[in-house]
Amino acid sequence: MSRQEVALIAITAVWGATFLIVHIAVQYSGPWFFVGMRFLTAGVITAVVFAKVLSGLTWKEIWAGCAIGLMIYLGYGLQTVGLQTINSSTSAFITSLYVPLVPVLQWIVFRKPPGLLTWLGVALAFTGLLLLADPGNVGFSFGAGEIATLASTLPIAAEIILIGFFAGKVHLGRVTVVQLLVAGLLGFATMPVVGEQAPEFSWGWLAAAVALGAASCLIQITMNWAQRSVSPTRATIIYAGEPVWAAIIGRIAGDRLPPVAIAGAVLIVAGAVVSELKPRERTEPDESADGPLPDPLPSERTNA
């Protein structure tokens with residue numbers, strides 16, 4: 001396993017912890033105000049970190065940052081809206097639908113059909129997520145919260161694909177600053193559109209916003225760096241572990257993991273392992289009855 005993949009596993013653990021924090025924070029603040037505070041804080045922190053290189057910002061990096069930032073705003077914003085009215089188990093189950101969406105969107109947009117083992121890994125991880133969420137104990141009367149969370153899965157999947165598309169083509173730090181600031185500003189801009197008022201001051205939402213802002217900065221920088229060499233599909237398999245980490249944190253907070261959830265966690269790990277496997281390639285040329293095959297042409301050697 002590469003250090004990039006290890007880094008993605010680590011930030012997925014941080015990502016899982018944010019679920020509980022957001023659920024608590026939206027009890028003190030409106031969702032779009034909180035999204036604005038969270039990502040604007042993250043953007044400011046990132047701008048300080050990368051202050052020396054911001055002068056070299058290009059139009060391509062602005063475009064990339066705006067595109068990714070728009071997906072962050074839509075994905076996290078709609079998910080935050082949903083967390084106002086639904087519990088974390090229901091939200092985790094619905095959000096997990098982004099897992100199979102990534103390879104499907106890659107297939108539709110980029111004409112890159114995933115291999116059989118990748119599909120199998122995604123299927124195992126998704127099945128594991130269903131078991132982890134314990135759908136038998138979740139009510140599926142789709143109200144506004146469920147619909148908002150379901151809608152969030154598409155931009156979350158698109159964000160992962162866009163990060164993979166721009167990885168290696170733009171400066172990591174500059175793009176991260178742009179995408180976080182764009183997500184934060186769009187969050188604030190949405191408030192008057194939906195009639196949301198700024199909340200009264202509370203150390204609760206302020207501490208949560210600053211903590212999640214720092215976490216978002218760390219998550220986005222790591223994603224942009226690691227996905228230079230980790231494919232979007234493989235990254236998605238790793239991100240599928242988010243509910244596992246959320247369950248572990250919930251356990252520390254007093255929750256108890258039922259046997260069906262443990263089975264789900266095992267399937268998620270199995271999905272990650274299967275997605276790493278490669279079909280065995282032939283290393284020696286076949287020989288026919290007429291003797292060995294002729295040497296390949298020079299152009300064929302370069303592609304072997």
# chains A, B, ... in the order shown; residues from 1 in each chain; ligands from 1
$ closest_atom_pairs --of "stretch 26-106 of chain A" --to "stretch 222-240 of chain A" --cutoff "7 Å" --atoms "only C-alpha atoms" --output "CSV"
residue,atom,partner,partner_atom,distance
A:Val99,CA,A:Thr236,CA,6.1
A:Val102,CA,A:Thr233,CA,6.4
A:Pro103,CA,A:Thr233,CA,5.9
$ residues_around --residues "stretch 54-66 of chain A" --least-positions-apart "4" --cutoff "8 Å" --atoms "only C-alpha atoms" --output "ChimeraX atom specification"
/A:47,50,70,166,170-171,174-180,182
$ closest_residue --among "A:Val244, A:Gln79, A:Leu267, A:Gly213" --to "A:Thr46" --atoms "only C-alpha atoms"
A:Gly213
$ closest_residue --among "A:Ile21, A:Val35, A:Ala270, A:Ile94" --to "A:Leu130" --atoms "only C-alpha atoms"
A:Ile94
$ residues_around --residues "A:Leu162" --least-positions-apart "2" --cutoff "9 Å" --atoms "only C-alpha atoms" --output "ChimeraX atom specification"
/A:64,67-68,71,157-160,164-167,232
$ write_last_selection --atoms "N, CA, C and O atoms" --output "CSV table (one decimal), in the first residue's frame"
chain,number,residue,atom,x,y,z
A,64,ALA,N,-10.5,25.2,-12.1
A,64,ALA,CA,-10.5,23.9,-11.4
A,64,ALA,C,-11.0,24.1,-10.0
A,64,ALA,O,-11.8,23.3,-9.5
A,67,ALA,N,-14.8,24.7,-10.0
A,67,ALA,CA,-15.6,23.5,-10.3
A,67,ALA,C,-15.6,22.6,-9.1
A,67,ALA,O,-16.7,22.1,-8.7
A,68,ILE,N,-14.5,22.3,-8.5
A,68,ILE,CA,-14.4,21.4,-7.3
A,68,ILE,C,-15.2,22.1,-6.1
A,68,ILE,O,-15.9,21.4,-5.4
A,71,MET,N,-18.9,21.6,-6.3
A,71,MET,CA,-19.3,20.3,-5.9
A,71,MET,C,-19.2,20.1,-4.4
A,71,MET,O,-20.1,19.5,-3.8
A,157,ALA,N,-19.8,12.5,-5.5
A,157,ALA,CA,-19.1,11.6,-6.5
A,157,ALA,C,-18.4,12.5,-7.6
A,157,ALA,O,-17.2,12.2,-8.0
A,158,ALA,N,-19.0,13.6,-8.0
A,158,ALA,CA,-18.4,14.4,-9.0
A,158,ALA,C,-17.2,15.1,-8.5
A,158,ALA,O,-16.2,15.3,-9.2
A,159,GLU,N,-17.2,15.5,-7.2
A,159,GLU,CA,-16.0,16.1,-6.6
A,159,GLU,C,-14.8,15.1,-6.7
A,159,GLU,O,-13.7,15.6,-7.0
A,160,ILE,N,-15.0,13.9,-6.3
A,160,ILE,CA,-13.9,12.9,-6.4
A,160,ILE,C,-13.4,12.8,-7.8
A,160,ILE,O,-12.1,12.7,-8.0
A,164,GLY,N,-9.6,13.9,-9.3
A,164,GLY,CA,-8.7,13.0,-10.0
A,164,GLY,C,-8.4,13.6,-11.4
A,164,GLY,O,-7.3,13.4,-11.9
A,165,PHE,N,-9.3,14.3,-12.0
A,165,PHE,CA,-9.1,14.8,-13.4
A,165,PHE,C,-8.1,15.9,-13.4
A,165,PHE,O,-7.2,16.0,-14.3
A,166,PHE,N,-8.1,16.8,-12.4
A,166,PHE,CA,-7.2,17.9,-12.3
A,166,PHE,C,-5.9,17.6,-11.6
A,166,PHE,O,-4.9,18.4,-11.7
A,167,ALA,N,-5.8,16.5,-10.9
A,167,ALA,CA,-4.6,16.1,-10.2
A,167,ALA,C,-3.4,16.1,-11.1
A,167,ALA,O,-3.4,15.5,-12.2
A,232,PRO,N,-9.6,7.6,-9.0
A,232,PRO,CA,-10.8,8.0,-8.4
A,232,PRO,C,-11.6,6.8,-7.8
A,232,PRO,O,-12.2,6.8,-6.8
$ residues_around --residues "A:Ile147" --least-positions-apart "4" --cutoff "10 Å" --atoms "only C-alpha atoms" --output "ChimeraX atom specification"
/A:78-79,81-82,94,142-143,151-152
$ atom_distance --atom1 "atom CA of A:Gly128" --atom2 "atom CA of A:Ile268"
5.1 Å
$ residues_around --residues "A:Trp15" --least-positions-apart "4" --cutoff "12 Å" --atoms "only C-alpha atoms" --output "PDB file with all heavy atoms, in the first residue's frame"
ATOM      1  N   LEU A   8      -4.955   8.732   2.569  1.00  0.00           N
ATOM      2  CA  LEU A   8      -6.391   8.775   2.320  1.00  0.00           C
ATOM      3  C   LEU A   8      -7.161   8.029   3.408  1.00  0.00           C
ATOM      4  O   LEU A   8      -8.249   8.448   3.811  1.00  0.00           O
ATOM      5  CB  LEU A   8      -6.717   8.183   0.942  1.00  0.00           C
ATOM      6  CG  LEU A   8      -6.316   9.030  -0.265  1.00  0.00           C
ATOM      7  CD1 LEU A   8      -6.741   8.348  -1.561  1.00  0.00           C
ATOM      8  CD2 LEU A   8      -6.923  10.429  -0.188  1.00  0.00           C
ATOM      9  N   ILE A   9      -6.611   6.925   3.889  1.00  0.00           N
ATOM     10  CA  ILE A   9      -7.248   6.189   4.986  1.00  0.00           C
ATOM     11  C   ILE A   9      -7.301   7.066   6.243  1.00  0.00           C
ATOM     12  O   ILE A   9      -8.315   7.110   6.954  1.00  0.00           O
ATOM     13  CB  ILE A   9      -6.486   4.878   5.271  1.00  0.00           C
ATOM     14  CG1 ILE A   9      -6.657   3.907   4.103  1.00  0.00           C
ATOM     15  CG2 ILE A   9      -6.986   4.229   6.565  1.00  0.00           C
ATOM     16  CD1 ILE A   9      -5.806   2.660   4.206  1.00  0.00           C
ATOM     17  N   ALA A  10      -6.205   7.792   6.499  1.00  0.00           N
ATOM     18  CA  ALA A  10      -6.150   8.650   7.687  1.00  0.00           C
ATOM     19  C   ALA A  10      -7.175   9.776   7.615  1.00  0.00           C
ATOM     20  O   ALA A  10      -7.888  10.047   8.599  1.00  0.00           O
ATOM     21  CB  ALA A  10      -4.742   9.227   7.853  1.00  0.00           C
ATOM     22  N   ILE A  11      -7.270  10.427   6.460  1.00  0.00           N
ATOM     23  CA  ILE A  11      -8.226  11.538   6.379  1.00  0.00           C
ATOM     24  C   ILE A  11      -9.663  11.022   6.323  1.00  0.00           C
ATOM     25  O   ILE A  11     -10.597  11.750   6.674  1.00  0.00           O
ATOM     26  CB  ILE A  11      -7.921  12.484   5.195  1.00  0.00           C
ATOM     27  CG1 ILE A  11      -8.019  11.764   3.856  1.00  0.00           C
ATOM     28  CG2 ILE A  11      -6.578  13.143   5.371  1.00  0.00           C
ATOM     29  CD1 ILE A  11      -9.241  12.099   3.069  1.00  0.00           C
ATOM     30  N   PHE A  19     -19.046  13.689  10.937  1.00  0.00           N
ATOM     31  CA  PHE A  19     -20.480  13.410  10.857  1.00  0.00           C
ATOM     32  C   PHE A  19     -21.195  13.789  12.142  1.00  0.00           C
ATOM     33  O   PHE A  19     -22.215  14.481  12.129  1.00  0.00           O
ATOM     34  CB  PHE A  19     -20.692  11.921  10.577  1.00  0.00           C
ATOM     35  CG  PHE A  19     -21.587  11.646   9.404  1.00  0.00           C
ATOM     36  CD1 PHE A  19     -21.057  11.404   8.158  1.00  0.00           C
ATOM     37  CD2 PHE A  19     -22.961  11.624   9.572  1.00  0.00           C
ATOM     38  CE1 PHE A  19     -21.876  11.147   7.085  1.00  0.00           C
ATOM     39  CE2 PHE A  19     -23.798  11.361   8.502  1.00  0.00           C
ATOM     40  CZ  PHE A  19     -23.253  11.122   7.246  1.00  0.00           C
ATOM     41  N   LEU A  20     -20.648  13.320  13.262  1.00  0.00           N
ATOM     42  CA  LEU A  20     -21.248  13.594  14.561  1.00  0.00           C
ATOM     43  C   LEU A  20     -21.170  15.077  14.898  1.00  0.00           C
ATOM     44  O   LEU A  20     -22.125  15.664  15.424  1.00  0.00           O
ATOM     45  CB  LEU A  20     -20.541  12.769  15.646  1.00  0.00           C
ATOM     46  CG  LEU A  20     -21.037  12.961  17.085  1.00  0.00           C
ATOM     47  CD1 LEU A  20     -22.498  12.563  17.214  1.00  0.00           C
ATOM     48  CD2 LEU A  20     -20.171  12.158  18.049  1.00  0.00           C
ATOM     49  N   ILE A  21     -20.050  15.706  14.553  1.00  0.00           N
ATOM     50  CA  ILE A  21     -19.870  17.129  14.861  1.00  0.00           C
ATOM     51  C   ILE A  21     -20.889  17.971  14.118  1.00  0.00           C
ATOM     52  O   ILE A  21     -21.499  18.889  14.684  1.00  0.00           O
ATOM     53  CB  ILE A  21     -18.438  17.579  14.506  1.00  0.00           C
ATOM     54  CG1 ILE A  21     -17.420  16.807  15.354  1.00  0.00           C
ATOM     55  CG2 ILE A  21     -18.276  19.083  14.725  1.00  0.00           C
ATOM     56  CD1 ILE A  21     -15.985  17.085  14.975  1.00  0.00           C
ATOM     57  N   VAL A  22     -21.086  17.678  12.836  1.00  0.00           N
ATOM     58  CA  VAL A  22     -22.049  18.449  12.045  1.00  0.00           C
ATOM     59  C   VAL A  22     -23.456  18.263  12.595  1.00  0.00           C
ATOM     60  O   VAL A  22     -24.239  19.225  12.702  1.00  0.00           O
ATOM     61  CB  VAL A  22     -21.992  18.025  10.564  1.00  0.00           C
ATOM     62  CG1 VAL A  22     -23.110  18.696   9.775  1.00  0.00           C
ATOM     63  CG2 VAL A  22     -20.645  18.379   9.956  1.00  0.00           C
ATOM     64  N   TYR A  76     -21.661  18.864   0.490  1.00  0.00           N
ATOM     65  CA  TYR A  76     -21.669  19.039   1.941  1.00  0.00           C
ATOM     66  C   TYR A  76     -22.853  19.882   2.388  1.00  0.00           C
ATOM     67  O   TYR A  76     -23.382  19.689   3.490  1.00  0.00           O
ATOM     68  CB  TYR A  76     -20.363  19.676   2.404  1.00  0.00           C
ATOM     69  CG  TYR A  76     -19.193  18.727   2.382  1.00  0.00           C
ATOM     70  CD1 TYR A  76     -18.426  18.563   1.229  1.00  0.00           C
ATOM     71  CD2 TYR A  76     -18.839  17.994   3.508  1.00  0.00           C
ATOM     72  CE1 TYR A  76     -17.351  17.690   1.195  1.00  0.00           C
ATOM     73  CE2 TYR A  76     -17.763  17.118   3.489  1.00  0.00           C
ATOM     74  CZ  TYR A  76     -17.024  16.969   2.325  1.00  0.00           C
ATOM     75  OH  TYR A  76     -15.970  16.102   2.296  1.00  0.00           O
ATOM     76  N   ALA A 211     -13.065  23.893  14.090  1.00  0.00           N
ATOM     77  CA  ALA A 211     -12.508  22.533  14.078  1.00  0.00           C
ATOM     78  C   ALA A 211     -12.731  21.859  12.730  1.00  0.00           C
ATOM     79  O   ALA A 211     -11.816  21.245  12.159  1.00  0.00           O
ATOM     80  CB  ALA A 211     -13.136  21.702  15.192  1.00  0.00           C
ATOM     81  N   LEU A 212     -13.947  21.981  12.199  1.00  0.00           N
ATOM     82  CA  LEU A 212     -14.231  21.371  10.908  1.00  0.00           C
ATOM     83  C   LEU A 212     -13.550  22.116   9.770  1.00  0.00           C
ATOM     84  O   LEU A 212     -13.220  21.528   8.746  1.00  0.00           O
ATOM     85  CB  LEU A 212     -15.745  21.319  10.670  1.00  0.00           C
ATOM     86  CG  LEU A 212     -16.504  20.289  11.501  1.00  0.00           C
ATOM     87  CD1 LEU A 212     -17.990  20.351  11.203  1.00  0.00           C
ATOM     88  CD2 LEU A 212     -15.985  18.888  11.216  1.00  0.00           C
ATOM     89  N   GLY A 213     -13.335  23.427   9.956  1.00  0.00           N
ATOM     90  CA  GLY A 213     -12.589  24.180   8.951  1.00  0.00           C
ATOM     91  C   GLY A 213     -11.171  23.662   8.836  1.00  0.00           C
ATOM     92  O   GLY A 213     -10.650  23.437   7.733  1.00  0.00           O
ATOM     93  N   ALA A 214     -10.524  23.449   9.989  1.00  0.00           N
ATOM     94  CA  ALA A 214      -9.164  22.890   9.987  1.00  0.00           C
ATOM     95  C   ALA A 214      -9.165  21.482   9.406  1.00  0.00           C
ATOM     96  O   ALA A 214      -8.276  21.107   8.628  1.00  0.00           O
ATOM     97  CB  ALA A 214      -8.605  22.882  11.402  1.00  0.00           C
ATOM     98  N   ALA A 215     -10.189  20.685   9.773  1.00  0.00           N
ATOM     99  CA  ALA A 215     -10.283  19.323   9.252  1.00  0.00           C
ATOM    100  C   ALA A 215     -10.510  19.333   7.745  1.00  0.00           C
ATOM    101  O   ALA A 215      -9.914  18.531   7.010  1.00  0.00           O
ATOM    102  CB  ALA A 215     -11.415  18.572   9.950  1.00  0.00           C
ATOM    103  N   SER A 216     -11.366  20.235   7.271  1.00  0.00           N
ATOM    104  CA  SER A 216     -11.636  20.327   5.834  1.00  0.00           C
ATOM    105  C   SER A 216     -10.389  20.727   5.064  1.00  0.00           C
ATOM    106  O   SER A 216     -10.128  20.221   3.965  1.00  0.00           O
ATOM    107  CB  SER A 216     -12.758  21.338   5.571  1.00  0.00           C
ATOM    108  OG  SER A 216     -13.957  20.917   6.183  1.00  0.00           O
ATOM    109  N   CYS A 217      -9.608  21.638   5.640  1.00  0.00           N
ATOM    110  CA  CYS A 217      -8.334  22.037   5.031  1.00  0.00           C
ATOM    111  C   CYS A 217      -7.432  20.822   4.883  1.00  0.00           C
ATOM    112  O   CYS A 217      -6.885  20.561   3.799  1.00  0.00           O
ATOM    113  CB  CYS A 217      -7.664  23.105   5.894  1.00  0.00           C
ATOM    114  SG  CYS A 217      -5.989  23.532   5.384  1.00  0.00           S
ATOM    115  N   LEU A 218      -7.286  20.060   5.956  1.00  0.00           N
ATOM    116  CA  LEU A 218      -6.447  18.864   5.934  1.00  0.00           C
ATOM    117  C   LEU A 218      -6.974  17.844   4.931  1.00  0.00           C
ATOM    118  O   LEU A 218      -6.205  17.259   4.150  1.00  0.00           O
ATOM    119  CB  LEU A 218      -6.409  18.247   7.334  1.00  0.00           C
ATOM    120  CG  LEU A 218      -5.670  16.909   7.477  1.00  0.00           C
ATOM    121  CD1 LEU A 218      -4.194  17.082   7.155  1.00  0.00           C
ATOM    122  CD2 LEU A 218      -5.862  16.341   8.882  1.00  0.00           C
ATOM    123  N   ILE A 219      -8.288  17.623   4.932  1.00  0.00           N
ATOM    124  CA  ILE A 219      -8.895  16.633   4.044  1.00  0.00           C
ATOM    125  C   ILE A 219      -8.688  17.007   2.577  1.00  0.00           C
ATOM    126  O   ILE A 219      -8.265  16.176   1.758  1.00  0.00           O
ATOM    127  CB  ILE A 219     -10.397  16.481   4.356  1.00  0.00           C
ATOM    128  CG1 ILE A 219     -10.591  15.775   5.703  1.00  0.00           C
ATOM    129  CG2 ILE A 219     -11.110  15.714   3.253  1.00  0.00           C
ATOM    130  CD1 ILE A 219     -12.026  15.784   6.207  1.00  0.00           C
ATOM    131  N   GLN A 220      -8.973  18.265   2.226  1.00  0.00           N
ATOM    132  CA  GLN A 220      -8.895  18.662   0.815  1.00  0.00           C
ATOM    133  C   GLN A 220      -7.450  18.665   0.311  1.00  0.00           C
ATOM    134  O   GLN A 220      -7.180  18.241  -0.820  1.00  0.00           O
ATOM    135  CB  GLN A 220      -9.532  20.043   0.617  1.00  0.00           C
ATOM    136  CG  GLN A 220     -11.020  20.067   0.879  1.00  0.00           C
ATOM    137  CD  GLN A 220     -11.802  19.088   0.019  1.00  0.00           C
ATOM    138  OE1 GLN A 220     -11.519  18.940  -1.166  1.00  0.00           O
ATOM    139  NE2 GLN A 220     -12.766  18.411   0.605  1.00  0.00           N
ATOM    140  N   THR A 222      -5.018  16.811   1.398  1.00  0.00           N
ATOM    141  CA  THR A 222      -4.603  15.407   1.283  1.00  0.00           C
ATOM    142  C   THR A 222      -5.242  14.748   0.072  1.00  0.00           C
ATOM    143  O   THR A 222      -4.573  14.006  -0.666  1.00  0.00           O
ATOM    144  CB  THR A 222      -4.972  14.632   2.560  1.00  0.00           C
ATOM    145  OG1 THR A 222      -4.399  15.277   3.691  1.00  0.00           O
ATOM    146  CG2 THR A 222      -4.456  13.206   2.488  1.00  0.00           C
ATOM    147  N   MET A 223      -6.528  14.986  -0.164  1.00  0.00           N
ATOM    148  CA  MET A 223      -7.206  14.406  -1.324  1.00  0.00           C
ATOM    149  C   MET A 223      -6.555  14.871  -2.619  1.00  0.00           C
ATOM    150  O   MET A 223      -6.287  14.065  -3.523  1.00  0.00           O
ATOM    151  CB  MET A 223      -8.687  14.785  -1.312  1.00  0.00           C
ATOM    152  CG  MET A 223      -9.521  14.075  -0.260  1.00  0.00           C
ATOM    153  SD  MET A 223     -11.234  14.673  -0.205  1.00  0.00           S
ATOM    154  CE  MET A 223     -11.864  14.053  -1.778  1.00  0.00           C
ATOM    155  N   ILE A 238     -11.548   3.527  -0.648  1.00  0.00           N
ATOM    156  CA  ILE A 238     -10.991   3.937   0.646  1.00  0.00           C
ATOM    157  C   ILE A 238     -11.968   4.850   1.383  1.00  0.00           C
ATOM    158  O   ILE A 238     -12.212   4.687   2.583  1.00  0.00           O
ATOM    159  CB  ILE A 238      -9.642   4.646   0.445  1.00  0.00           C
ATOM    160  CG1 ILE A 238      -8.611   3.667  -0.141  1.00  0.00           C
ATOM    161  CG2 ILE A 238      -9.122   5.225   1.767  1.00  0.00           C
ATOM    162  CD1 ILE A 238      -7.290   4.304  -0.504  1.00  0.00           C
ATOM    163  N   TYR A 239     -12.557   5.789   0.653  1.00  0.00           N
ATOM    164  CA  TYR A 239     -13.516   6.699   1.275  1.00  0.00           C
ATOM    165  C   TYR A 239     -14.744   5.951   1.802  1.00  0.00           C
ATOM    166  O   TYR A 239     -15.439   6.440   2.699  1.00  0.00           O
ATOM    167  CB  TYR A 239     -13.975   7.765   0.285  1.00  0.00           C
ATOM    168  CG  TYR A 239     -12.887   8.642  -0.258  1.00  0.00           C
ATOM    169  CD1 TYR A 239     -12.975   9.189  -1.538  1.00  0.00           C
ATOM    170  CD2 TYR A 239     -11.747   8.933   0.485  1.00  0.00           C
ATOM    171  CE1 TYR A 239     -11.977  10.002  -2.049  1.00  0.00           C
ATOM    172  CE2 TYR A 239     -10.745   9.733  -0.015  1.00  0.00           C
ATOM    173  CZ  TYR A 239     -10.857  10.266  -1.289  1.00  0.00           C
ATOM    174  OH  TYR A 239      -9.866  11.063  -1.791  1.00  0.00           O
ATOM    175  N   ALA A 240     -14.993   4.771   1.249  1.00  0.00           N
ATOM    176  CA  ALA A 240     -16.134   3.976   1.704  1.00  0.00           C
ATOM    177  C   ALA A 240     -15.980   3.546   3.147  1.00  0.00           C
ATOM    178  O   ALA A 240     -16.948   3.122   3.782  1.00  0.00           O
ATOM    179  CB  ALA A 240     -16.308   2.738   0.807  1.00  0.00           C
ATOM    180  N   GLY A 241     -14.766   3.664   3.690  1.00  0.00           N
ATOM    181  CA  GLY A 241     -14.544   3.324   5.089  1.00  0.00           C
ATOM    182  C   GLY A 241     -15.016   4.396   6.048  1.00  0.00           C
ATOM    183  O   GLY A 241     -14.936   4.206   7.277  1.00  0.00           O
ATOM    184  N   GLU A 242     -15.509   5.503   5.526  1.00  0.00           N
ATOM    185  CA  GLU A 242     -15.959   6.602   6.399  1.00  0.00           C
ATOM    186  C   GLU A 242     -16.962   6.149   7.460  1.00  0.00           C
ATOM    187  O   GLU A 242     -16.793   6.472   8.646  1.00  0.00           O
ATOM    188  CB  GLU A 242     -16.555   7.723   5.550  1.00  0.00           C
ATOM    189  CG  GLU A 242     -17.128   8.869   6.356  1.00  0.00           C
ATOM    190  CD  GLU A 242     -17.953   9.810   5.503  1.00  0.00           C
ATOM    191  OE1 GLU A 242     -18.037   9.597   4.282  1.00  0.00           O
ATOM    192  OE2 GLU A 242     -18.537  10.747   6.072  1.00  0.00           O
ATOM    193  N   PRO A 243     -18.006   5.377   7.096  1.00  0.00           N
ATOM    194  CA  PRO A 243     -18.942   4.944   8.135  1.00  0.00           C
ATOM    195  C   PRO A 243     -18.310   4.032   9.175  1.00  0.00           C
ATOM    196  O   PRO A 243     -18.779   3.965  10.305  1.00  0.00           O
ATOM    197  CB  PRO A 243     -20.037   4.202   7.341  1.00  0.00           C
ATOM    198  CG  PRO A 243     -19.916   4.713   5.955  1.00  0.00           C
ATOM    199  CD  PRO A 243     -18.460   4.965   5.758  1.00  0.00           C
ATOM    200  N   VAL A 244     -17.258   3.292   8.784  1.00  0.00           N
ATOM    201  CA  VAL A 244     -16.568   2.442   9.756  1.00  0.00           C
ATOM    202  C   VAL A 244     -15.961   3.303  10.853  1.00  0.00           C
ATOM    203  O   VAL A 244     -16.110   3.031  12.046  1.00  0.00           O
ATOM    204  CB  VAL A 244     -15.478   1.596   9.068  1.00  0.00           C
ATOM    205  CG1 VAL A 244     -14.710   0.772  10.100  1.00  0.00           C
ATOM    206  CG2 VAL A 244     -16.096   0.689   8.011  1.00  0.00           C
ATOM    207  N   TRP A 245     -15.262   4.363  10.410  1.00  0.00           N
ATOM    208  CA  TRP A 245     -14.654   5.266  11.395  1.00  0.00           C
ATOM    209  C   TRP A 245     -15.724   5.994  12.199  1.00  0.00           C
ATOM    210  O   TRP A 245     -15.569   6.219  13.404  1.00  0.00           O
ATOM    211  CB  TRP A 245     -13.745   6.267  10.686  1.00  0.00           C
ATOM    212  CG  TRP A 245     -12.565   5.627  10.049  1.00  0.00           C
ATOM    213  CD1 TRP A 245     -12.332   5.419   8.722  1.00  0.00           C
ATOM    214  CD2 TRP A 245     -11.429   5.068  10.734  1.00  0.00           C
ATOM    215  NE1 TRP A 245     -11.133   4.775   8.528  1.00  0.00           N
ATOM    216  CE2 TRP A 245     -10.560   4.549   9.752  1.00  0.00           C
ATOM    217  CE3 TRP A 245     -11.065   4.961  12.075  1.00  0.00           C
ATOM    218  CZ2 TRP A 245      -9.352   3.939  10.070  1.00  0.00           C
ATOM    219  CZ3 TRP A 245      -9.869   4.346  12.402  1.00  0.00           C
ATOM    220  CH2 TRP A 245      -9.016   3.851  11.407  1.00  0.00           C
ATOM    221  N   ALA A 246     -16.814   6.363  11.533  1.00  0.00           N
ATOM    222  CA  ALA A 246     -17.911   7.016  12.255  1.00  0.00           C
ATOM    223  C   ALA A 246     -18.486   6.085  13.319  1.00  0.00           C
ATOM    224  O   ALA A 246     -18.834   6.513  14.427  1.00  0.00           O
ATOM    225  CB  ALA A 246     -19.002   7.427  11.273  1.00  0.00           C
ATOM    226  N   ALA A 247     -18.556   4.778  12.991  1.00  0.00           N
ATOM    227  CA  ALA A 247     -19.068   3.807  13.959  1.00  0.00           C
ATOM    228  C   ALA A 247     -18.110   3.646  15.140  1.00  0.00           C
ATOM    229  O   ALA A 247     -18.539   3.497  16.289  1.00  0.00           O
ATOM    230  CB  ALA A 247     -19.290   2.463  13.269  1.00  0.00           C
ATOM    231  N   ILE A 249     -16.054   5.949  16.284  1.00  0.00           N
ATOM    232  CA  ILE A 249     -16.194   7.154  17.101  1.00  0.00           C
ATOM    233  C   ILE A 249     -17.501   7.122  17.881  1.00  0.00           C
ATOM    234  O   ILE A 249     -17.561   7.534  19.050  1.00  0.00           O
ATOM    235  CB  ILE A 249     -16.111   8.408  16.199  1.00  0.00           C
ATOM    236  CG1 ILE A 249     -14.713   8.518  15.605  1.00  0.00           C
ATOM    237  CG2 ILE A 249     -16.467   9.668  16.980  1.00  0.00           C
ATOM    238  CD1 ILE A 249     -14.606   9.493  14.473  1.00  0.00           C
TER     239      ILE A 249
END
